[in-house]
Each structure stands twice: as structure tokens, then as C-alpha cells.
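*Asks:* What follows is the file query05.csv, containing CSV, N, CA and C atoms:
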```csv
chain,number,residue,atom,x,y,z
P,2,MET,N,9.5,94.7,243.8
P,2,MET,CA,10.2,95.8,243.0
P,2,MET,C,11.3,95.1,242.2
P,3,ASP,N,11.3,95.4,240.9
P,3,ASP,CA,12.3,94.7,240.1
P,3,ASP,C,13.6,95.6,240.2
P,4,GLU,N,14.7,95.0,239.6
P,4,GLU,CA,16.0,95.6,239.8
P,4,GLU,C,16.1,97.0,239.1
P,5,THR,N,15.4,97.2,238.0
P,5,THR,CA,15.4,98.5,237.3
P,5,THR,C,14.8,99.5,238.2
P,6,GLU,N,13.6,99.2,238.7
P,6,GLU,CA,12.9,100.2,239.6
P,6,GLU,C,13.7,100.5,240.9
P,7,PHE,N,14.3,99.4,241.4
P,7,PHE,CA,15.1,99.6,242.6
P,7,PHE,C,16.2,100.6,242.4
P,8,MET,N,16.9,100.5,241.3
P,8,MET,CA,18.1,101.3,241.0
P,8,MET,C,17.7,102.7,240.6
P,9,ARG,N,16.4,103.1,240.5
P,9,ARG,CA,16.0,104.4,240.3
P,9,ARG,C,15.8,105.2,241.5
P,10,GLY,N,15.9,104.6,242.7
P,10,GLY,CA,15.6,105.3,244.0
P,10,GLY,C,16.7,106.3,244.3
P,11,ARG,N,16.3,107.1,245.4
P,11,ARG,CA,17.2,108.1,245.9
P,11,ARG,C,18.1,107.4,247.0
P,12,VAL,N,19.3,107.8,247.1
P,12,VAL,CA,20.3,107.2,248.1
P,12,VAL,C,20.4,108.2,249.3
P,13,TYR,N,20.2,107.6,250.5
P,13,TYR,CA,20.4,108.3,251.7
P,13,TYR,C,21.8,109.0,251.7
P,14,GLY,N,21.8,110.3,252.0
P,14,GLY,CA,23.1,111.0,252.1
P,14,GLY,C,23.7,111.4,250.8
P,15,ALA,N,23.1,111.1,249.7
P,15,ALA,CA,23.6,111.5,248.4
P,15,ALA,C,23.4,113.0,248.1
P,16,ASP,N,24.2,113.5,247.2
P,16,ASP,CA,24.1,114.9,246.8
P,16,ASP,C,22.7,115.0,246.1
P,17,HIS,N,22.1,116.2,246.4
P,17,HIS,CA,20.7,116.4,245.9
P,17,HIS,C,20.7,116.5,244.4
P,18,ASP,N,21.8,116.9,243.8
P,18,ASP,CA,21.9,117.1,242.4
P,18,ASP,C,22.1,115.7,241.7
P,19,ASP,N,22.6,114.7,242.4
P,19,ASP,CA,22.8,113.4,241.8
P,19,ASP,C,22.5,112.4,242.9
P,20,PRO,N,21.1,112.2,243.1
P,20,PRO,CA,20.7,111.4,244.3
P,20,PRO,C,20.6,109.9,244.0
P,21,GLY,N,20.9,109.4,242.8
P,21,GLY,CA,20.7,108.0,242.4
P,21,GLY,C,21.8,107.1,242.8
P,22,PRO,N,21.6,105.8,242.7
P,22,PRO,CA,22.6,104.9,243.0
P,22,PRO,C,23.8,104.9,241.9
P,23,ARG,N,24.9,104.4,242.3
P,23,ARG,CA,26.1,104.4,241.5
P,23,ARG,C,26.5,103.0,241.1
P,24,GLU,N,27.0,102.9,239.9
P,24,GLU,CA,27.5,101.6,239.4
P,24,GLU,C,28.5,101.0,240.3
P,25,GLY,N,28.5,99.7,240.6
P,25,GLY,CA,29.5,99.0,241.4
P,25,GLY,C,29.3,99.1,242.9
P,26,ARG,N,28.2,99.7,243.3
P,26,ARG,CA,27.9,99.8,244.8
P,26,ARG,C,26.8,98.9,245.1
P,27,ARG,N,26.7,98.5,246.4
P,27,ARG,CA,25.6,97.6,246.9
P,27,ARG,C,24.6,98.5,247.7
P,28,TYR,N,23.3,98.3,247.6
P,28,TYR,CA,22.3,99.1,248.3
P,28,TYR,C,21.3,98.2,249.0
P,29,ALA,N,20.8,98.7,250.1
P,29,ALA,CA,19.6,98.1,250.8
P,29,ALA,C,18.5,99.2,250.8
P,30,GLU,N,17.3,98.7,250.7
P,30,GLU,CA,16.2,99.7,250.8
P,30,GLU,C,15.8,99.9,252.2
P,31,LEU,N,15.5,101.1,252.6
P,31,LEU,CA,15.1,101.4,254.0
P,31,LEU,C,13.6,101.3,254.0
P,32,SER,N,13.1,100.6,255.0
P,32,SER,CA,11.6,100.4,255.0
P,32,SER,C,11.1,100.9,256.4
P,33,GLY,N,10.1,101.7,256.3
P,33,GLY,CA,9.4,102.3,257.5
P,33,GLY,C,10.2,103.5,258.0
P,34,GLY,N,9.6,104.1,259.0
P,34,GLY,CA,10.3,105.2,259.7
P,34,GLY,C,10.5,106.5,258.8
P,35,PRO,N,11.3,107.4,259.3
P,35,PRO,CA,11.5,108.7,258.6
P,35,PRO,C,12.2,108.6,257.2
P,36,LEU,N,12.9,107.5,257.0
P,36,LEU,CA,13.7,107.4,255.8
P,36,LEU,C,13.2,106.4,254.8
P,37,ASP,N,11.9,106.0,255.0
P,37,ASP,CA,11.2,105.0,254.2
P,37,ASP,C,11.4,105.2,252.7
P,38,GLY,N,11.8,104.2,252.0
P,38,GLY,CA,11.9,104.3,250.6
P,38,GLY,C,13.3,104.7,250.0
P,39,LEU,N,14.1,105.2,250.9
P,39,LEU,CA,15.4,105.6,250.4
P,39,LEU,C,16.3,104.4,250.3
P,40,LEU,N,17.4,104.5,249.5
P,40,LEU,CA,18.4,103.4,249.4
P,40,LEU,C,19.5,103.7,250.3
P,41,LEU,N,20.1,102.7,250.9
P,41,LEU,CA,21.3,102.9,251.8
P,41,LEU,C,22.5,102.2,251.1
P,42,ASP,N,23.6,102.9,250.9
P,42,ASP,CA,24.8,102.3,250.3
P,42,ASP,C,25.4,101.5,251.4
P,43,VAL,N,25.4,100.2,251.3
P,43,VAL,CA,26.0,99.2,252.3
P,43,VAL,C,27.3,98.6,251.8
P,44,THR,N,27.9,99.1,250.7
P,44,THR,CA,29.1,98.6,250.1
P,44,THR,C,30.2,98.5,251.2
P,45,ASP,N,30.4,99.5,252.0
P,45,ASP,CA,31.6,99.5,252.9
P,45,ASP,C,31.2,99.2,254.3
P,46,HIS,N,30.0,98.7,254.5
P,46,HIS,CA,29.6,98.4,255.9
P,46,HIS,C,30.3,97.2,256.5
P,47,SER,N,30.6,97.3,257.7
P,47,SER,CA,31.3,96.2,258.4
P,47,SER,C,30.4,95.0,258.5
P,48,PRO,N,30.9,93.8,258.8
P,48,PRO,CA,30.0,92.6,259.0
P,48,PRO,C,29.1,92.9,260.2
P,49,ALA,N,29.5,93.6,261.2
P,49,ALA,CA,28.6,93.8,262.4
P,49,ALA,C,27.5,94.8,261.9
P,50,GLU,N,27.8,95.8,261.1
P,50,GLU,CA,26.7,96.7,260.6
P,50,GLU,C,25.7,95.9,259.7
P,51,ARG,N,26.2,95.0,258.9
P,51,ARG,CA,25.4,94.2,258.0
P,51,ARG,C,24.5,93.3,258.8
P,52,ARG,N,25.0,92.9,260.0
P,52,ARG,CA,24.2,91.9,260.8
P,52,ARG,C,23.2,92.7,261.8
P,53,HIS,N,23.7,93.8,262.4
P,53,HIS,CA,22.9,94.4,263.5
P,53,HIS,C,22.3,95.7,263.0
P,54,GLY,N,22.7,96.3,262.0
P,54,GLY,CA,22.1,97.6,261.5
P,54,GLY,C,22.9,98.8,261.8
P,55,VAL,N,22.3,99.9,261.6
P,55,VAL,CA,23.0,101.2,261.7
P,55,VAL,C,22.0,102.3,262.2
P,56,GLY,N,22.6,103.3,262.9
P,56,GLY,CA,21.9,104.5,263.3
P,56,GLY,C,22.2,105.6,262.3
P,57,LEU,N,21.2,106.1,261.6
P,57,LEU,CA,21.4,107.1,260.5
P,57,LEU,C,21.0,108.5,261.0
P,58,PRO,N,21.9,109.5,261.0
P,58,PRO,CA,21.5,110.8,261.4
P,58,PRO,C,20.4,111.3,260.5
P,59,THR,N,19.3,111.9,261.1
P,59,THR,CA,18.2,112.5,260.3
P,59,THR,C,17.6,113.6,261.2
P,60,GLU,N,17.1,114.6,260.6
P,60,GLU,CA,16.4,115.7,261.3
P,60,GLU,C,14.9,115.5,261.3
P,61,ILE,N,14.5,114.5,260.5
P,61,ILE,CA,13.0,114.3,260.4
P,61,ILE,C,12.5,113.2,261.3
P,62,GLY,N,13.3,112.6,262.2
P,62,GLY,CA,12.9,111.6,263.1
P,62,GLY,C,12.3,112.2,264.4
P,63,ARG,N,12.0,111.4,265.3
P,63,ARG,CA,11.3,111.8,266.6
P,63,ARG,C,12.1,112.9,267.3
P,64,TYR,N,13.4,112.8,267.3
P,64,TYR,CA,14.3,113.7,268.1
P,64,TYR,C,14.8,114.9,267.3
P,65,GLY,N,14.4,115.1,266.0
P,65,GLY,CA,14.8,116.3,265.3
P,65,GLY,C,16.3,116.3,265.0
P,66,PRO,N,16.8,117.5,264.9
P,66,PRO,CA,18.3,117.6,264.6
P,66,PRO,C,19.1,116.9,265.7
P,67,GLY,N,20.0,116.2,265.3
P,67,GLY,CA,20.9,115.4,266.3
P,67,GLY,C,20.4,114.0,266.6
P,68,GLY,N,19.2,113.7,266.1
P,68,GLY,CA,18.6,112.4,266.3
P,68,GLY,C,19.1,111.4,265.2
P,69,ARG,N,18.8,110.1,265.4
P,69,ARG,CA,19.2,109.1,264.5
P,69,ARG,C,18.0,108.1,264.3
P,70,ALA,N,17.9,107.6,263.1
P,70,ALA,CA,16.9,106.5,262.9
P,70,ALA,C,17.7,105.2,262.8
P,71,VAL,N,17.2,104.2,263.5
P,71,VAL,CA,17.9,102.9,263.5
P,71,VAL,C,17.2,102.0,262.6
P,72,TYR,N,18.0,101.4,261.7
P,72,TYR,CA,17.6,100.4,260.7
P,72,TYR,C,18.4,99.2,260.8
P,73,ALA,N,17.8,98.0,260.7
P,73,ALA,CA,18.5,96.7,260.7
P,73,ALA,C,18.0,95.8,259.6
P,74,PRO,N,18.8,94.9,259.2
P,74,PRO,CA,18.3,94.0,258.1
P,74,PRO,C,17.1,93.2,258.5
P,75,ARG,N,16.2,93.1,257.6
P,75,ARG,CA,15.0,92.3,257.8
P,75,ARG,C,15.4,90.8,258.0
P,76,ALA,N,16.3,90.4,257.2
P,76,ALA,CA,16.8,89.0,257.2
P,76,ALA,C,18.3,89.0,257.0
P,77,ALA,N,19.0,88.0,257.4
P,77,ALA,CA,20.5,88.0,257.2
P,77,ALA,C,20.8,88.1,255.8
P,78,GLY,N,21.7,89.1,255.5
P,78,GLY,CA,22.1,89.3,254.1
P,78,GLY,C,21.0,89.9,253.2
P,79,GLY,N,20.0,90.4,253.8
P,79,GLY,CA,18.8,90.9,253.0
P,79,GLY,C,19.1,92.3,252.4
P,80,ARG,N,18.2,92.6,251.5
P,80,ARG,CA,18.3,93.9,250.8
P,80,ARG,C,17.4,94.9,251.4
P,81,VAL,N,16.6,94.6,252.4
P,81,VAL,CA,15.7,95.5,253.1
P,81,VAL,C,16.1,95.7,254.5
P,82,TYR,N,16.3,96.9,254.9
P,82,TYR,CA,16.6,97.3,256.3
P,82,TYR,C,15.3,97.9,256.9
P,83,GLU,N,14.8,97.3,258.0
P,83,GLU,CA,13.6,97.8,258.6
P,83,GLU,C,13.9,98.8,259.7
P,84,TRP,N,13.0,99.8,259.9
P,84,TRP,CA,13.2,100.8,260.9
P,84,TRP,C,12.9,100.1,262.2
P,85,ARG,N,13.8,100.4,263.2
P,85,ARG,CA,13.6,99.8,264.6
P,85,ARG,C,13.3,100.9,265.6
P,86,GLY,N,13.4,102.2,265.2
P,86,GLY,CA,13.0,103.3,266.1
P,86,GLY,C,14.0,104.4,266.0
P,87,ASP,N,13.8,105.5,266.7
P,87,ASP,CA,14.6,106.7,266.7
P,87,ASP,C,15.4,106.8,268.0
P,88,ILE,N,16.6,107.3,268.0
P,88,ILE,CA,17.4,107.5,269.2
P,88,ILE,C,18.1,108.9,269.1
P,89,GLN,N,18.5,109.3,270.3
P,89,GLN,CA,19.2,110.6,270.3
P,89,GLN,C,20.7,110.4,270.2
```
Step by step, read the file and then write its structure as C-alpha cells.

*Replies:*
Amino acid sequence: MDETEFMRGRVYGADHDDPGPREGRRYAELSGGPLDGLLLDVTDHSPAERRHGVGLPTEIGRYGPGGRAVYAPRAAGGRVYEWRGDIQ
């Protein structure tokens, strides 16, 4: 995926009326699981989150409302976060 195509994606948690990425922010692509294909704004993530990943609230995962989908970087400093599973 080239940079132009990447920047056209929808951002997880963004306003439905303005779902695209914003200038000056850093994004990772979510791969697999219920949030596959969305972009995640990682600009303000801590070093631990960038290393180990995050649990993202979603109603469309295994546990429905109140559940979270866990995504972690495919490689250190990578732009792709892979799905690791769902948790409550």
C-alpha cells in the first residue's frame, strides 16, 4: 500500500463525519480481527504501548459491548498492528 492510499483510510475512533487521518499525526494500520483495515492514531502512545500494543474497545469483537480487541506491532517500530485476540 503506498502512502497516498494509506492516508485515505478510516481512523479508529474518529468522527463518522470526518473519519480520515489528520495532518501531523502518526498512524498504524490494524491488521486482522474486528478492526481490520482501520488506521490507529499512535501519535500519543507511550513507549510501552508502541512496544506491546493496545486493547481497543469495540462492540464487534467476540465479547460484544464492553469487549476489547488487542493489537500489537508486527515488528518493532512498525506501521502495522496485528490482532492478537479479544478480551473482556

*Asks:* For a test of reading the model, state the distance in Å between CA of Asp18 (chain P) and atom C of Arg63 (chain P), rounded to one decimal.

*Replies:*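 Calculated distance between CA of Asp18 (chain P) and atom C of Arg63 (chain P) is 27.1 Å.
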
*Asks:* Could you tell me, as a PyMOL selection string, which residues of chain P DSSP assigns to alpha helix (DSSP H) when given the backbone?

*Replies:* chain P and resi 4-7+48-53

*Asks:* Could you tell me how far atom C of Pro20 (chain P) sits from atom N of Gln89 (chain P), in Å to one decimal place?

*Replies:*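 Atom C of Pro20 (chain P) lies at a distance of 26.4 Å from atom N of Gln89 (chain P).
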
*Asks:* Select, from P:Asp45, P:Asp16, P:Glu30, P:Glu24, the residue with the minimum atom-to-atom distance to Arg80 (chain P), counting all atoms listed in the file.

*Replies:*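 Selected residue with least distance to Arg80 (chain P): P:Glu30.
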
*Asks:* What gap, in Å, lies between CA of Pro66 (chain P) and atom C of Gly34 (chain P)?

*Replies:* 14.8 Å

*Asks:* Any idea what's packed within 6.5 Å of Tyr13 (chain P), counting only N, CA and C atoms, ignoring anything in its chain fewer than 5 positions away? Could you give it as a short mmCIF file (atom, residue, chain, number, x, y, z; two decimals) with N, CA and C atoms, in the coordinates of the input?

*Replies:*
```cif
data_model
loop_
_atom_site.label_atom_id
_atom_site.label_comp_id
_atom_site.auth_asym_id
_atom_site.auth_seq_id
_atom_site.Cartn_x
_atom_site.Cartn_y
_atom_site.Cartn_z
N LEU P 39 14.10 105.20 250.90
CA LEU P 39 15.40 105.60 250.40
C LEU P 39 16.30 104.40 250.30
N LEU P 40 17.40 104.50 249.50
CA LEU P 40 18.40 103.40 249.40
C LEU P 40 19.50 103.70 250.30
N LEU P 41 20.10 102.70 250.90
CA LEU P 41 21.30 102.90 251.80
C LEU P 41 22.50 102.20 251.10
N ASP P 42 23.60 102.90 250.90
CA ASP P 42 24.80 102.30 250.30
C ASP P 42 25.40 101.50 251.40
#
```

*Asks:* Pick out the residues sitting within 7 Å of Ala77 (chain P), and hand them over as a list in words; count all atoms listed in the file, and ignore anything fewer than 2 positions along from it in its own chain.

*Replies:*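 The neighbour list is Arg51, Arg52, Pro74, Arg75, Gly79 and Arg80 of chain P.
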
*Asks:* Would you save the residues from that selection as a PDB file, keeping the file's coordinate frame, using N, CA and C atoms?

*Replies:*
```pdb
ATOM      1  N   ARG P  51      26.200  95.000 258.900  1.00  0.00           N
ATOM      2  CA  ARG P  51      25.400  94.200 258.000  1.00  0.00           C
ATOM      3  C   ARG P  51      24.500  93.300 258.800  1.00  0.00           C
ATOM      4  N   ARG P  52      25.000  92.900 260.000  1.00  0.00           N
ATOM      5  CA  ARG P  52      24.200  91.900 260.800  1.00  0.00           C
ATOM      6  C   ARG P  52      23.200  92.700 261.800  1.00  0.00           C
ATOM      7  N   PRO P  74      18.800  94.900 259.200  1.00  0.00           N
ATOM      8  CA  PRO P  74      18.300  94.000 258.100  1.00  0.00           C
ATOM      9  C   PRO P  74      17.100  93.200 258.500  1.00  0.00           C
ATOM     10  N   ARG P  75      16.200  93.100 257.600  1.00  0.00           N
ATOM     11  CA  ARG P  75      15.000  92.300 257.800  1.00  0.00           C
ATOM     12  C   ARG P  75      15.400  90.800 258.000  1.00  0.00           C
ATOM     13  N   GLY P  79      20.000  90.400 253.800  1.00  0.00           N
ATOM     14  CA  GLY P  79      18.800  90.900 253.000  1.00  0.00           C
ATOM     15  C   GLY P  79      19.100  92.300 252.400  1.00  0.00           C
ATOM     16  N   ARG P  80      18.200  92.600 251.500  1.00  0.00           N
ATOM     17  CA  ARG P  80      18.300  93.900 250.800  1.00  0.00           C
ATOM     18  C   ARG P  80      17.400  94.900 251.400  1.00  0.00           C
TER      19      ARG P  80
END
```

*Asks:* Name the residues in contact with Pro48 (chain P) at a cut-off of 10 Å, using only C-alpha atoms, excluding same-chain residues fewer than 5 positions from it; report them as a short mmCIF file (atom, residue, chain, number, x, y, z; two decimals) with N, CA and C atoms, in the coordinates of the input.

*Replies:*
```cif
data_model
loop_
_atom_site.label_atom_id
_atom_site.label_comp_id
_atom_site.auth_asym_id
_atom_site.auth_seq_id
_atom_site.Cartn_x
_atom_site.Cartn_y
_atom_site.Cartn_z
N HIS P 53 23.70 93.80 262.40
CA HIS P 53 22.90 94.40 263.50
C HIS P 53 22.30 95.70 263.00
N GLY P 54 22.70 96.30 262.00
CA GLY P 54 22.10 97.60 261.50
C GLY P 54 22.90 98.80 261.80
N GLY P 78 21.70 89.10 255.50
CA GLY P 78 22.10 89.30 254.10
C GLY P 78 21.00 89.90 253.20
#
```

*Asks:* Quick one: DSSP strand (DSSP E) residues in region 8-86 of chain P, as a list in words?

*Replies:* Tyr28, Ala29, Glu30, Leu31, Ser32, Leu40, Leu41, Asp42, Val55, Gly56, Leu57, Pro58, Arg69, Ala70, Val71, Tyr72, Ala73, Pro74, Val81, Tyr82, Glu83, Trp84, Arg85 and Gly86 of chain P

*Asks:* Would you kindly return, as a CSV table (one decimal) with N, CA and C atoms, in the frame of the given file, each protein, DNA or RNA residue with an atom no farther than 8 Å from any atom of Tyr72 (chain P), considering only C-alpha atoms and excluding same-chain residues fewer than 3 positions away?

*Replies:*
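Result file is around-v3.csv:
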```csv
chain,number,residue,atom,x,y,z
P,31,LEU,N,15.5,101.1,252.6
P,31,LEU,CA,15.1,101.4,254.0
P,31,LEU,C,13.6,101.3,254.0
P,54,GLY,N,22.7,96.3,262.0
P,54,GLY,CA,22.1,97.6,261.5
P,54,GLY,C,22.9,98.8,261.8
P,55,VAL,N,22.3,99.9,261.6
P,55,VAL,CA,23.0,101.2,261.7
P,55,VAL,C,22.0,102.3,262.2
P,56,GLY,N,22.6,103.3,262.9
P,56,GLY,CA,21.9,104.5,263.3
P,56,GLY,C,22.2,105.6,262.3
P,57,LEU,N,21.2,106.1,261.6
P,57,LEU,CA,21.4,107.1,260.5
P,57,LEU,C,21.0,108.5,261.0
P,82,TYR,N,16.3,96.9,254.9
P,82,TYR,CA,16.6,97.3,256.3
P,82,TYR,C,15.3,97.9,256.9
P,83,GLU,N,14.8,97.3,258.0
P,83,GLU,CA,13.6,97.8,258.6
P,83,GLU,C,13.9,98.8,259.7
P,84,TRP,N,13.0,99.8,259.9
P,84,TRP,CA,13.2,100.8,260.9
P,84,TRP,C,12.9,100.1,262.2
P,85,ARG,N,13.8,100.4,263.2
P,85,ARG,CA,13.6,99.8,264.6
P,85,ARG,C,13.3,100.9,265.6
P,86,GLY,N,13.4,102.2,265.2
P,86,GLY,CA,13.0,103.3,266.1
P,86,GLY,C,14.0,104.4,266.0
```

*Asks:* Calculated over all atoms listed in the file, which of the candidates P:Pro35, P:Gly10, P:Gly62, P:Gly67 has the smallest distance to Pro22 (chain P)?

*Replies:* P:Gly10
